[in-house]
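Chemist: Quick one: the structure is below, questions incoming.
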Amino acid sequence: MANIKLLGLVVMVGLLVGCGFGEGPIVEGDPAPRVTITPTSLPTAVNTAVPANTTTSPDTAVVADIVAGERSIGDSYAPELGNTGYDVLRYTIQLNLDPALEYELDGAVIIDAVAALDDLGEMSLDFIGFEIDELLANGQPADFRREEGKLIITLPEPLASEEPFQLTIRYQGEAEQEPSPYVGFASWLGLFYAQDDTIYILSEPDGSRYWFPNNDHPRDKATYRFEITVPEGNTAVANGRLVSAENNTFIWEHNYPMASYLATIVVGDYERLEGQSPAGIPLRDYIFPASQSQFERATASSREAIDWMSDLFGDYPYEEFGFVSVHAPGVSLETQTMVLLSTGMFDEQTAVHELAHMWFGDWVSLDSWGEMWRNEGFATYLSFLWEYRDDPDGLELYMEGIRAFLEDNNELGKPLRNPPPAELFSAYTYVGGALMIHELRQEMGDDAFFAGLKNYFQQYAHGTASDEEFIAVMEAAASKSLAAFFSRWLEGE
Ligand SMILES: [Zn+2]
């Protein structure tokens, strides 16, 4: 994810570096009095217009209750999410979406899964809002109830471990809008109906349960099929590859494992552009013709960056890649294979940041949401590394500037792991994470650092990795302990 406030910070740090951190007097009449914009405290990604009651941790009694019922996938940072009783293999999402029917939809989700426990008689999905008209388990009507963000299903016949099963959930009605405790820059997560008659989705980290029933945690990845019917004149865009578009129904398939927060649908009056990277990776973008030239300027260098990242970390792991333009104020999102690029953020740094997430976050996802520094730190660092790819001294100066900036604002030394939920997407997660990664690279040396990252992707491809698993791979590549380095950054000094 990237948002405008963070980019503002980065641009500002860049300006400070550019003018040497106030060395020498500001020239009178300088049109950019850059030194004077140094904030007294580090700005965060949090939009203060959002209700402030989101800073508390989830109610511990509720959490304990949820965990006791196995209605948690076991992420201690976000114990309200997921379930360990089953493993979803594929979601088939069949929705009718109309930009004129704000926050209303109807359709069905078919879930193909296998039981992960013996004698599985009851299971839960994460799902909030809408009315459920019908719920079938292996074609038989199943009892269900809804509690605490969970759809709890009593299976007609208990399942044995590894037994496959299929759920069909038909639902319609209105989406619910609640602030996420982890996100300050959007008033809610899930569906957004924009004023320009488009529909888009923002789900990171806990928002996909606001538009379809699912096991809402990266630990349970699945493949996807989307069958989206829209009014004439609209295009429906989703992850993966467009397999057909007939009678206003757009069918997309993504046949690689994907975390639920990366699943996306965008509906609007779009034009499709097609191309390929210099090495031949198929590219398709969905744009508004009115902003085509700005879009093309912002994304032009990402065509080369996709090959550059493939060389550094392992081949681009999916069918196709591209961007879909959205009027999402101040936020862009790394939705797998089909990045949401805000029309207000048409710039190279955002495009390359989101592209980097195809590796860092999408291909290998977080085992716990408290490890967000690994997603945002790497995506941020990669956008710097790309910008300064022919200028290592320039990168060094830039990173020194970030270090001095964080020091001046008493941010250095704060633990990067498990921040308070409201600070999950703080600027420190992004630029502090990037600085840590730069210093890790210096600590290991380039050969070991890049070899370690290649190993990391080979080992955890299409799955998740924890911080401990990441550290073990990097220590093996470095042939030395990095325990003191990581403990200083992750746990704080
Ligand atoms: Zn990001």
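Residues are referred to by chain and number: the chain letter is A, B, ... according to the order shown in the structure tokens, the number counts from 1 in that chain, and ligands are numbered separately from 1 in the order shown.
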Residues within 12 Å of ligand 1, counting only C-alpha atoms and all ligand atoms: report them as a CSV table (one decimal) with all heavy atoms, in the first residue's frame.
Modeler:
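Written file, part27.csv:
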chain,number,residue,atom,x,y,z
A,1,MET,N,0.9,-1.2,0.0
A,1,MET,CA,0.0,0.0,0.0
A,1,MET,C,0.9,1.2,0.0
A,1,MET,O,2.0,1.2,0.5
A,1,MET,CB,-0.9,0.0,1.3
A,1,MET,CG,-1.8,1.1,1.3
A,1,MET,SD,-3.5,0.6,1.8
A,1,MET,CE,-3.2,-0.3,3.3
A,2,ALA,N,0.4,2.2,-0.6
A,2,ALA,CA,1.1,3.5,-0.6
A,2,ALA,C,0.1,4.6,-0.4
A,2,ALA,O,-1.1,4.4,-0.9
A,2,ALA,CB,1.9,3.8,-1.8
A,3,ASN,N,0.4,5.7,0.3
A,3,ASN,CA,-0.6,6.8,0.3
A,3,ASN,C,0.1,8.1,0.2
A,3,ASN,O,1.3,8.2,0.5
A,3,ASN,CB,-1.6,6.6,1.4
A,3,ASN,CG,-0.9,6.9,2.8
A,3,ASN,OD1,-0.5,8.0,3.0
A,3,ASN,ND2,-0.9,5.9,3.6
A,4,ILE,N,-0.7,9.1,-0.1
A,4,ILE,CA,-0.1,10.4,-0.4
A,4,ILE,C,0.7,11.0,0.8
A,4,ILE,O,1.7,11.6,0.6
A,4,ILE,CB,-1.2,11.4,-0.8
A,4,ILE,CG1,-1.5,11.2,-2.3
A,4,ILE,CG2,-0.9,12.8,-0.6
A,4,ILE,CD1,-2.7,12.0,-2.8
A,6,LEU,N,2.4,9.6,3.0
A,6,LEU,CA,3.8,9.0,3.1
A,6,LEU,C,4.6,9.5,2.0
A,6,LEU,O,5.8,9.8,2.2
A,6,LEU,CB,3.6,7.5,3.0
A,6,LEU,CG,2.9,6.9,4.2
A,6,LEU,CD1,2.5,5.4,3.9
A,6,LEU,CD2,3.8,6.9,5.4
A,7,LEU,N,4.1,9.5,0.8
A,7,LEU,CA,4.9,10.0,-0.3
A,7,LEU,C,5.3,11.5,-0.1
A,7,LEU,O,6.4,11.9,-0.4
A,7,LEU,CB,4.1,9.9,-1.6
A,7,LEU,CG,3.9,8.4,-2.0
A,7,LEU,CD1,2.9,8.3,-3.1
A,7,LEU,CD2,5.2,7.8,-2.4
A,45,ALA,N,0.6,8.0,8.6
A,45,ALA,CA,-0.4,7.8,7.5
A,45,ALA,C,-1.8,8.0,8.0
A,45,ALA,O,-2.7,8.0,7.2
A,45,ALA,CB,-0.2,6.3,7.0
A,204,GLU,N,-6.8,-4.1,2.5
A,204,GLU,CA,-5.7,-4.3,3.4
A,204,GLU,C,-5.9,-3.6,4.7
A,204,GLU,O,-6.1,-2.4,4.7
A,204,GLU,CB,-4.4,-3.9,2.8
A,204,GLU,CG,-3.2,-4.4,3.6
A,204,GLU,CD,-1.9,-4.0,3.1
A,204,GLU,OE1,-1.8,-3.1,2.3
A,204,GLU,OE2,-0.9,-4.7,3.5
A,205,PRO,N,-5.8,-4.3,5.9
A,205,PRO,CA,-5.5,-5.7,6.0
A,205,PRO,C,-6.7,-6.6,6.2
A,205,PRO,O,-6.7,-7.7,5.9
A,205,PRO,CB,-4.6,-5.8,7.2
A,205,PRO,CG,-5.1,-4.7,8.1
A,205,PRO,CD,-5.6,-3.6,7.2
A,331,VAL,N,-4.7,6.8,-1.9
A,331,VAL,CA,-4.3,5.5,-1.6
A,331,VAL,C,-4.2,4.6,-2.9
A,331,VAL,O,-5.1,4.7,-3.7
A,331,VAL,CB,-5.2,4.8,-0.5
A,331,VAL,CG1,-6.6,4.7,-0.9
A,331,VAL,CG2,-4.6,3.4,-0.1
A,332,SER,N,-3.1,3.9,-3.0
A,332,SER,CA,-2.9,2.9,-4.0
A,332,SER,C,-2.6,1.6,-3.3
A,332,SER,O,-2.2,1.5,-2.2
A,332,SER,CB,-1.7,3.3,-4.9
A,332,SER,OG,-2.0,4.5,-5.6
A,333,LEU,N,-2.9,0.5,-4.0
A,333,LEU,CA,-2.9,-0.8,-3.4
A,333,LEU,C,-2.3,-1.9,-4.3
A,333,LEU,O,-2.7,-1.9,-5.5
A,333,LEU,CB,-4.2,-1.2,-2.8
A,333,LEU,CG,-4.3,-2.5,-1.9
A,333,LEU,CD1,-3.4,-2.3,-0.7
A,333,LEU,CD2,-5.7,-2.8,-1.6
A,334,GLU,N,-1.5,-2.8,-3.7
A,334,GLU,CA,-0.8,-3.8,-4.5
A,334,GLU,C,-1.6,-5.0,-4.9
A,334,GLU,O,-1.1,-6.2,-4.8
A,334,GLU,CB,0.5,-4.2,-3.7
A,334,GLU,CG,0.3,-4.9,-2.4
A,334,GLU,CD,0.3,-3.9,-1.2
A,334,GLU,OE1,0.0,-2.7,-1.4
A,334,GLU,OE2,0.6,-4.4,-0.1
A,335,THR,N,-2.8,-4.9,-5.2
A,335,THR,CA,-3.7,-6.0,-5.5
A,335,THR,C,-3.0,-6.9,-6.6
A,335,THR,O,-2.7,-6.4,-7.7
A,335,THR,CB,-5.1,-5.5,-6.0
A,335,THR,OG1,-4.9,-4.3,-6.7
A,335,THR,CG2,-5.9,-5.2,-4.7
A,339,VAL,N,-2.7,-3.8,-10.0
A,339,VAL,CA,-2.5,-2.8,-9.0
A,339,VAL,C,-3.5,-1.7,-9.1
A,339,VAL,O,-3.7,-1.2,-10.2
A,339,VAL,CB,-1.0,-2.3,-9.1
A,339,VAL,CG1,-0.9,-1.0,-8.3
A,339,VAL,CG2,0.0,-3.3,-8.6
A,340,LEU,N,-4.1,-1.3,-8.0
A,340,LEU,CA,-4.9,-0.1,-7.9
A,340,LEU,C,-4.0,1.1,-7.9
A,340,LEU,O,-3.3,1.3,-6.9
A,340,LEU,CB,-5.7,-0.2,-6.7
A,340,LEU,CG,-7.2,-0.4,-6.8
A,340,LEU,CD1,-7.5,-1.8,-7.4
A,340,LEU,CD2,-7.9,-0.3,-5.4
A,341,LEU,N,-4.0,1.9,-8.9
A,341,LEU,CA,-3.2,3.1,-8.9
A,341,LEU,C,-4.1,4.3,-8.9
A,341,LEU,O,-4.8,4.6,-9.9
A,341,LEU,CB,-2.3,3.1,-10.2
A,341,LEU,CG,-1.2,4.2,-10.2
A,341,LEU,CD1,-0.2,4.0,-9.1
A,341,LEU,CD2,-0.5,4.1,-11.6
A,349,GLN,N,7.4,6.7,-8.4
A,349,GLN,CA,7.7,6.1,-7.2
A,349,GLN,C,6.6,5.2,-6.7
A,349,GLN,O,6.8,4.1,-6.2
A,349,GLN,CB,8.0,7.2,-6.1
A,349,GLN,CG,8.8,6.7,-5.0
A,349,GLN,CD,9.3,7.8,-4.1
A,349,GLN,OE1,8.5,8.6,-3.5
A,349,GLN,NE2,10.6,8.0,-4.0
A,350,THR,N,5.3,5.7,-6.8
A,350,THR,CA,4.2,4.9,-6.4
A,350,THR,C,4.1,3.6,-7.3
A,350,THR,O,3.9,2.5,-6.8
A,350,THR,CB,2.9,5.7,-6.5
A,350,THR,OG1,3.0,6.8,-5.7
A,350,THR,CG2,1.7,4.9,-6.0
A,351,ALA,N,4.2,3.8,-8.6
A,351,ALA,CA,4.1,2.7,-9.5
A,351,ALA,C,5.1,1.6,-9.2
A,351,ALA,O,4.8,0.4,-9.1
A,351,ALA,CB,4.2,3.1,-11.0
A,352,VAL,N,6.4,2.0,-9.0
A,352,VAL,CA,7.4,1.0,-8.7
A,352,VAL,C,7.2,0.4,-7.3
A,352,VAL,O,7.5,-0.8,-7.1
A,352,VAL,CB,8.8,1.6,-8.9
A,352,VAL,CG1,9.9,0.7,-8.4
A,352,VAL,CG2,9.0,2.0,-10.3
A,353,HIS,N,6.8,1.2,-6.3
A,353,HIS,CA,6.5,0.7,-5.0
A,353,HIS,C,5.5,-0.4,-5.1
A,353,HIS,O,5.7,-1.5,-4.5
A,353,HIS,CB,6.0,1.9,-4.1
A,353,HIS,CG,5.5,1.5,-2.7
A,353,HIS,ND1,6.1,1.9,-1.6
A,353,HIS,CD2,4.4,0.8,-2.3
A,353,HIS,CE1,5.5,1.4,-0.5
A,353,HIS,NE2,4.4,0.7,-1.0
A,354,GLU,N,4.4,-0.2,-5.8
A,354,GLU,CA,3.3,-1.2,-5.9
A,354,GLU,C,3.8,-2.4,-6.7
A,354,GLU,O,3.5,-3.6,-6.3
A,354,GLU,CB,2.0,-0.7,-6.5
A,354,GLU,CG,1.5,0.6,-5.8
A,354,GLU,CD,1.2,0.4,-4.3
A,354,GLU,OE1,1.2,-0.8,-3.8
A,354,GLU,OE2,1.0,1.4,-3.6
A,355,LEU,N,4.6,-2.2,-7.7
A,355,LEU,CA,5.2,-3.3,-8.4
A,355,LEU,C,6.0,-4.2,-7.5
A,355,LEU,O,6.0,-5.4,-7.6
A,355,LEU,CB,6.0,-2.8,-9.6
A,355,LEU,CG,6.8,-3.8,-10.4
A,355,LEU,CD1,5.9,-4.8,-11.1
A,355,LEU,CD2,7.7,-3.1,-11.4
A,356,ALA,N,6.8,-3.6,-6.7
A,356,ALA,CA,7.7,-4.3,-5.8
A,356,ALA,C,6.9,-5.2,-4.9
A,356,ALA,O,7.4,-6.3,-4.5
A,356,ALA,CB,8.6,-3.4,-5.0
A,357,HIS,N,5.7,-4.8,-4.5
A,357,HIS,CA,4.8,-5.7,-3.7
A,357,HIS,C,4.5,-7.0,-4.3
A,357,HIS,O,4.0,-7.9,-3.6
A,357,HIS,CB,3.6,-4.9,-3.3
A,357,HIS,CG,3.7,-4.0,-2.1
A,357,HIS,ND1,4.2,-4.4,-0.9
A,357,HIS,CD2,3.3,-2.7,-2.0
A,357,HIS,CE1,4.1,-3.4,0.0
A,357,HIS,NE2,3.6,-2.3,-0.7
A,358,MET,N,4.5,-7.1,-5.7
A,358,MET,CA,4.2,-8.3,-6.3
A,358,MET,C,5.1,-9.4,-5.8
A,358,MET,O,4.8,-10.6,-5.7
A,358,MET,CB,4.3,-8.3,-7.8
A,358,MET,CG,3.3,-7.3,-8.5
A,358,MET,SD,1.6,-7.7,-8.2
A,358,MET,CE,1.2,-6.3,-7.1
A,359,TRP,N,6.4,-9.0,-5.4
A,359,TRP,CA,7.3,-10.0,-4.7
A,359,TRP,C,7.1,-9.9,-3.2
A,359,TRP,O,6.9,-10.9,-2.6
A,359,TRP,CB,8.8,-9.6,-5.1
A,359,TRP,CG,9.2,-10.0,-6.5
A,359,TRP,CD1,9.8,-11.2,-6.8
A,359,TRP,CD2,8.9,-9.3,-7.7
A,359,TRP,NE1,10.0,-11.2,-8.2
A,359,TRP,CE2,9.5,-10.1,-8.8
A,359,TRP,CE3,8.3,-8.2,-8.1
A,359,TRP,CZ2,9.4,-9.8,-10.1
A,359,TRP,CZ3,8.2,-7.8,-9.4
A,359,TRP,CH2,8.8,-8.6,-10.4
A,360,PHE,N,7.3,-8.6,-2.7
A,360,PHE,CA,7.3,-8.4,-1.2
A,360,PHE,C,5.9,-8.2,-0.7
A,360,PHE,O,5.4,-7.0,-0.7
A,360,PHE,CB,8.2,-7.3,-0.9
A,360,PHE,CG,9.7,-7.5,-1.2
A,360,PHE,CD1,10.2,-7.1,-2.4
A,360,PHE,CD2,10.4,-8.2,-0.3
A,360,PHE,CE1,11.6,-7.4,-2.7
A,360,PHE,CE2,11.8,-8.5,-0.6
A,360,PHE,CZ,12.3,-8.1,-1.8
A,361,GLY,N,5.2,-9.2,-0.3
A,361,GLY,CA,3.8,-9.1,0.2
A,361,GLY,C,2.9,-10.0,-0.5
A,361,GLY,O,2.0,-10.6,0.1
A,362,ASP,N,3.0,-10.1,-1.9
A,362,ASP,CA,2.1,-10.9,-2.7
A,362,ASP,C,2.6,-12.3,-2.9
A,362,ASP,O,2.0,-13.3,-2.4
A,362,ASP,CB,1.8,-10.2,-4.0
A,362,ASP,CG,1.0,-8.9,-3.9
A,362,ASP,OD1,0.9,-8.4,-2.7
A,362,ASP,OD2,0.5,-8.4,-4.9
A,372,MET,N,4.4,-5.9,9.3
A,372,MET,CA,4.2,-5.0,8.1
A,372,MET,C,5.4,-4.3,7.6
A,372,MET,O,5.5,-4.0,6.4
A,372,MET,CB,3.1,-4.0,8.5
A,372,MET,CG,2.7,-3.1,7.4
A,372,MET,SD,1.9,-4.0,6.0
A,372,MET,CE,0.3,-4.3,6.7
A,373,TRP,N,6.4,-4.1,8.5
A,373,TRP,CA,7.7,-3.5,8.0
A,373,TRP,C,8.3,-4.2,6.8
A,373,TRP,O,8.9,-3.6,6.0
A,373,TRP,CB,8.7,-3.4,9.2
A,373,TRP,CG,9.3,-4.8,9.5
A,373,TRP,CD1,8.8,-5.7,10.4
A,373,TRP,CD2,10.4,-5.4,8.9
A,373,TRP,NE1,9.6,-6.8,10.4
A,373,TRP,CE2,10.6,-6.7,9.5
A,373,TRP,CE3,11.3,-5.0,7.9
A,373,TRP,CZ2,11.6,-7.6,9.1
A,373,TRP,CZ3,12.3,-5.9,7.5
A,373,TRP,CH2,12.4,-7.2,8.1
A,374,ARG,N,8.1,-5.6,6.8
A,374,ARG,CA,8.7,-6.4,5.7
A,374,ARG,C,8.0,-6.1,4.4
A,374,ARG,O,8.6,-6.1,3.3
A,374,ARG,CB,8.6,-7.9,6.0
A,374,ARG,CG,9.8,-8.6,5.6
A,374,ARG,CD,10.2,-9.9,6.4
A,374,ARG,NE,9.2,-10.4,7.3
A,374,ARG,CZ,8.3,-11.4,7.0
A,374,ARG,NH1,8.4,-12.0,5.8
A,374,ARG,NH2,7.4,-11.7,7.9
A,375,ASN,N,6.7,-5.8,4.4
A,375,ASN,CA,6.0,-5.4,3.1
A,375,ASN,C,6.3,-4.0,2.7
A,375,ASN,O,6.8,-3.8,1.6
A,375,ASN,CB,4.4,-5.4,3.4
A,375,ASN,CG,3.8,-6.8,3.1
A,375,ASN,OD1,4.5,-7.8,3.0
A,375,ASN,ND2,2.5,-6.8,3.0
A,376,GLU,N,6.1,-3.1,3.6
A,376,GLU,CA,6.2,-1.7,3.3
A,376,GLU,C,7.7,-1.2,3.2
A,376,GLU,O,8.0,-0.3,2.4
A,376,GLU,CB,5.4,-0.8,4.2
A,376,GLU,CG,3.9,-1.1,4.1
A,376,GLU,CD,3.3,-1.1,2.7
A,376,GLU,OE1,3.9,-0.5,1.8
A,376,GLU,OE2,2.2,-1.7,2.5
A,377,GLY,N,8.5,-1.7,4.1
A,377,GLY,CA,9.9,-1.4,4.1
A,377,GLY,C,10.6,-1.8,2.8
A,377,GLY,O,11.3,-1.0,2.1
A,378,PHE,N,10.3,-3.0,2.3
A,378,PHE,CA,10.9,-3.5,1.1
A,378,PHE,C,10.4,-2.7,-0.1
A,378,PHE,O,11.1,-2.3,-1.0
A,378,PHE,CB,10.8,-5.0,0.9
A,378,PHE,CG,11.9,-5.8,1.5
A,378,PHE,CD1,11.8,-6.5,2.7
A,378,PHE,CD2,13.2,-5.8,0.9
A,378,PHE,CE1,12.8,-7.2,3.2
A,378,PHE,CE2,14.2,-6.5,1.4
A,378,PHE,CZ,14.1,-7.2,2.6
A,379,ALA,N,9.0,-2.5,-0.2
A,379,ALA,CA,8.4,-1.8,-1.3
A,379,ALA,C,9.0,-0.4,-1.4
A,379,ALA,O,9.3,0.1,-2.5
A,379,ALA,CB,6.9,-1.8,-1.2
A,380,THR,N,9.1,0.2,-0.2
A,380,THR,CA,9.7,1.6,-0.2
A,380,THR,C,11.1,1.6,-0.6
A,380,THR,O,11.6,2.4,-1.5
A,380,THR,CB,9.5,2.2,1.2
A,380,THR,OG1,8.1,2.1,1.6
A,380,THR,CG2,10.0,3.6,1.3
A,381,TYR,N,11.9,0.7,-0.1
A,381,TYR,CA,13.3,0.6,-0.4
A,381,TYR,C,13.6,0.3,-1.9
A,381,TYR,O,14.4,0.9,-2.5
A,381,TYR,CB,14.0,-0.4,0.5
A,381,TYR,CG,15.5,-0.4,0.3
A,381,TYR,CD1,16.3,0.7,0.5
A,381,TYR,CD2,16.2,-1.6,-0.1
A,381,TYR,CE1,17.7,0.8,0.4
A,381,TYR,CE2,17.6,-1.5,-0.3
A,381,TYR,CZ,18.3,-0.4,-0.1
A,381,TYR,OH,19.7,-0.3,-0.2
A,382,LEU,N,12.7,-0.6,-2.4
A,382,LEU,CA,12.9,-0.9,-3.8
A,382,LEU,C,12.6,0.3,-4.7
A,382,LEU,O,13.3,0.4,-5.8
A,382,LEU,CB,11.9,-2.1,-4.2
A,382,LEU,CG,12.6,-3.5,-4.2
A,382,LEU,CD1,13.5,-3.6,-5.4
A,382,LEU,CD2,13.3,-3.8,-2.9
A,383,SER,N,11.7,1.1,-4.4
A,383,SER,CA,11.4,2.3,-5.2
A,383,SER,C,12.6,3.3,-5.1
A,383,SER,O,13.0,3.9,-6.1
A,383,SER,CB,10.1,3.0,-4.8
A,383,SER,OG,10.3,3.7,-3.5
A,424,LEU,N,0.1,0.9,12.3
A,424,LEU,CA,0.5,-0.2,11.4
A,424,LEU,C,1.0,0.4,10.1
A,424,LEU,O,2.0,-0.1,9.6
A,424,LEU,CB,-0.6,-1.2,11.2
A,424,LEU,CG,-0.2,-2.5,10.4
A,424,LEU,CD1,0.9,-3.3,11.1
A,424,LEU,CD2,-1.4,-3.4,10.2
A,425,PHE,N,0.3,1.4,9.6
A,425,PHE,CA,0.7,2.0,8.3
A,425,PHE,C,1.4,3.4,8.6
A,425,PHE,O,1.2,4.3,7.8
A,425,PHE,CB,-0.5,2.1,7.4
A,425,PHE,CG,-0.9,0.8,6.9
A,425,PHE,CD1,-2.0,0.2,7.5
A,425,PHE,CD2,-0.3,0.1,5.9
A,425,PHE,CE1,-2.5,-1.1,7.0
A,425,PHE,CE2,-0.7,-1.1,5.4
A,425,PHE,CZ,-1.8,-1.7,6.0
A,426,SER,N,2.1,3.6,9.7
A,426,SER,CA,2.7,4.8,9.9
A,426,SER,C,3.9,5.0,9.0
A,426,SER,O,4.4,4.1,8.5
A,426,SER,CB,3.2,4.9,11.4
A,426,SER,OG,4.3,4.1,11.6
A,427,ALA,N,4.3,6.3,8.9
A,427,ALA,CA,5.5,6.5,8.0
A,427,ALA,C,6.7,5.8,8.5
A,427,ALA,O,7.5,5.4,7.7
A,427,ALA,CB,5.8,8.0,8.0
A,429,THR,N,6.9,2.7,9.6
A,429,THR,CA,6.8,1.4,9.1
A,429,THR,C,7.5,1.4,7.7
A,429,THR,O,8.2,0.5,7.3
A,429,THR,CB,5.4,0.9,9.0
A,429,THR,OG1,4.8,0.9,10.3
A,429,THR,CG2,5.3,-0.5,8.4
A,430,TYR,N,7.2,2.5,6.9
A,430,TYR,CA,7.7,2.6,5.5
A,430,TYR,C,9.2,3.0,5.5
A,430,TYR,O,10.0,2.2,5.0
A,430,TYR,CB,6.9,3.6,4.7
A,430,TYR,CG,5.4,3.1,4.4
A,430,TYR,CD1,4.5,3.0,5.4
A,430,TYR,CD2,5.1,2.8,3.1
A,430,TYR,CE1,3.2,2.6,5.2
A,430,TYR,CE2,3.8,2.4,2.8
A,430,TYR,CZ,2.8,2.3,3.9
A,430,TYR,OH,1.6,1.9,3.6
A,431,VAL,N,9.5,4.2,6.0
A,431,VAL,CA,10.8,4.7,5.8
A,431,VAL,C,11.8,4.1,6.8
A,431,VAL,O,13.0,3.9,6.6
A,431,VAL,CB,10.9,6.2,5.7
A,431,VAL,CG1,10.3,6.7,4.5
A,431,VAL,CG2,10.3,6.9,7.0
A,433,GLY,N,11.4,1.1,8.0
A,433,GLY,CA,11.6,-0.3,7.4
A,433,GLY,C,12.7,-0.2,6.3
A,433,GLY,O,13.6,-1.1,6.2
A,434,ALA,N,12.5,0.8,5.4
A,434,ALA,CA,13.5,0.9,4.3
A,434,ALA,C,14.9,1.2,4.8
A,434,ALA,O,15.9,0.6,4.3
A,434,ALA,CB,13.0,2.1,3.4
Chemist: DSSP on the backbone: what in stretch 193-346 of chain A comes out strand (DSSP E), as an MDAnalysis selection string?
Modeler: chainID A and resid 193 199:202 222:229 235:238 241:246 249:258 265:268 271:276 282:287 322:326 331:332 338:342
Chemist: Return the single residue from A:Glu407, A:Glu80, A:Asp112, A:Asp133 that is closest to A:Glu147, with distances computed using only C-alpha atoms.
Modeler: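 Closest to A:Glu147 of all the choices is A:Glu80.
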Chemist: What lies within 10 Å of A:Val324 using only C-alpha atoms, ignoring chain neighbours under 2 positions off, as a ChimeraX atom specification?
Modeler: /A:200,237-238,266,270-272,284-288,295,322,326,332,335,338-343
Chemist: Find the residues near A:Met399: any atom within 10 Å, counting only C-alpha atoms, skip ones fewer than 4 places away on the same chain, and give them as a PyMOL selection string.
Modeler: chain A and resi 13-14+17+381+384+393-395+403-405+431+434-436+438-439
Chemist: When you count only C-alpha atoms, which of these residues is closest to A:Phe165: A:Glu274, A:Asp87, A:Glu246, A:Glu411?
Modeler: A:Asp87
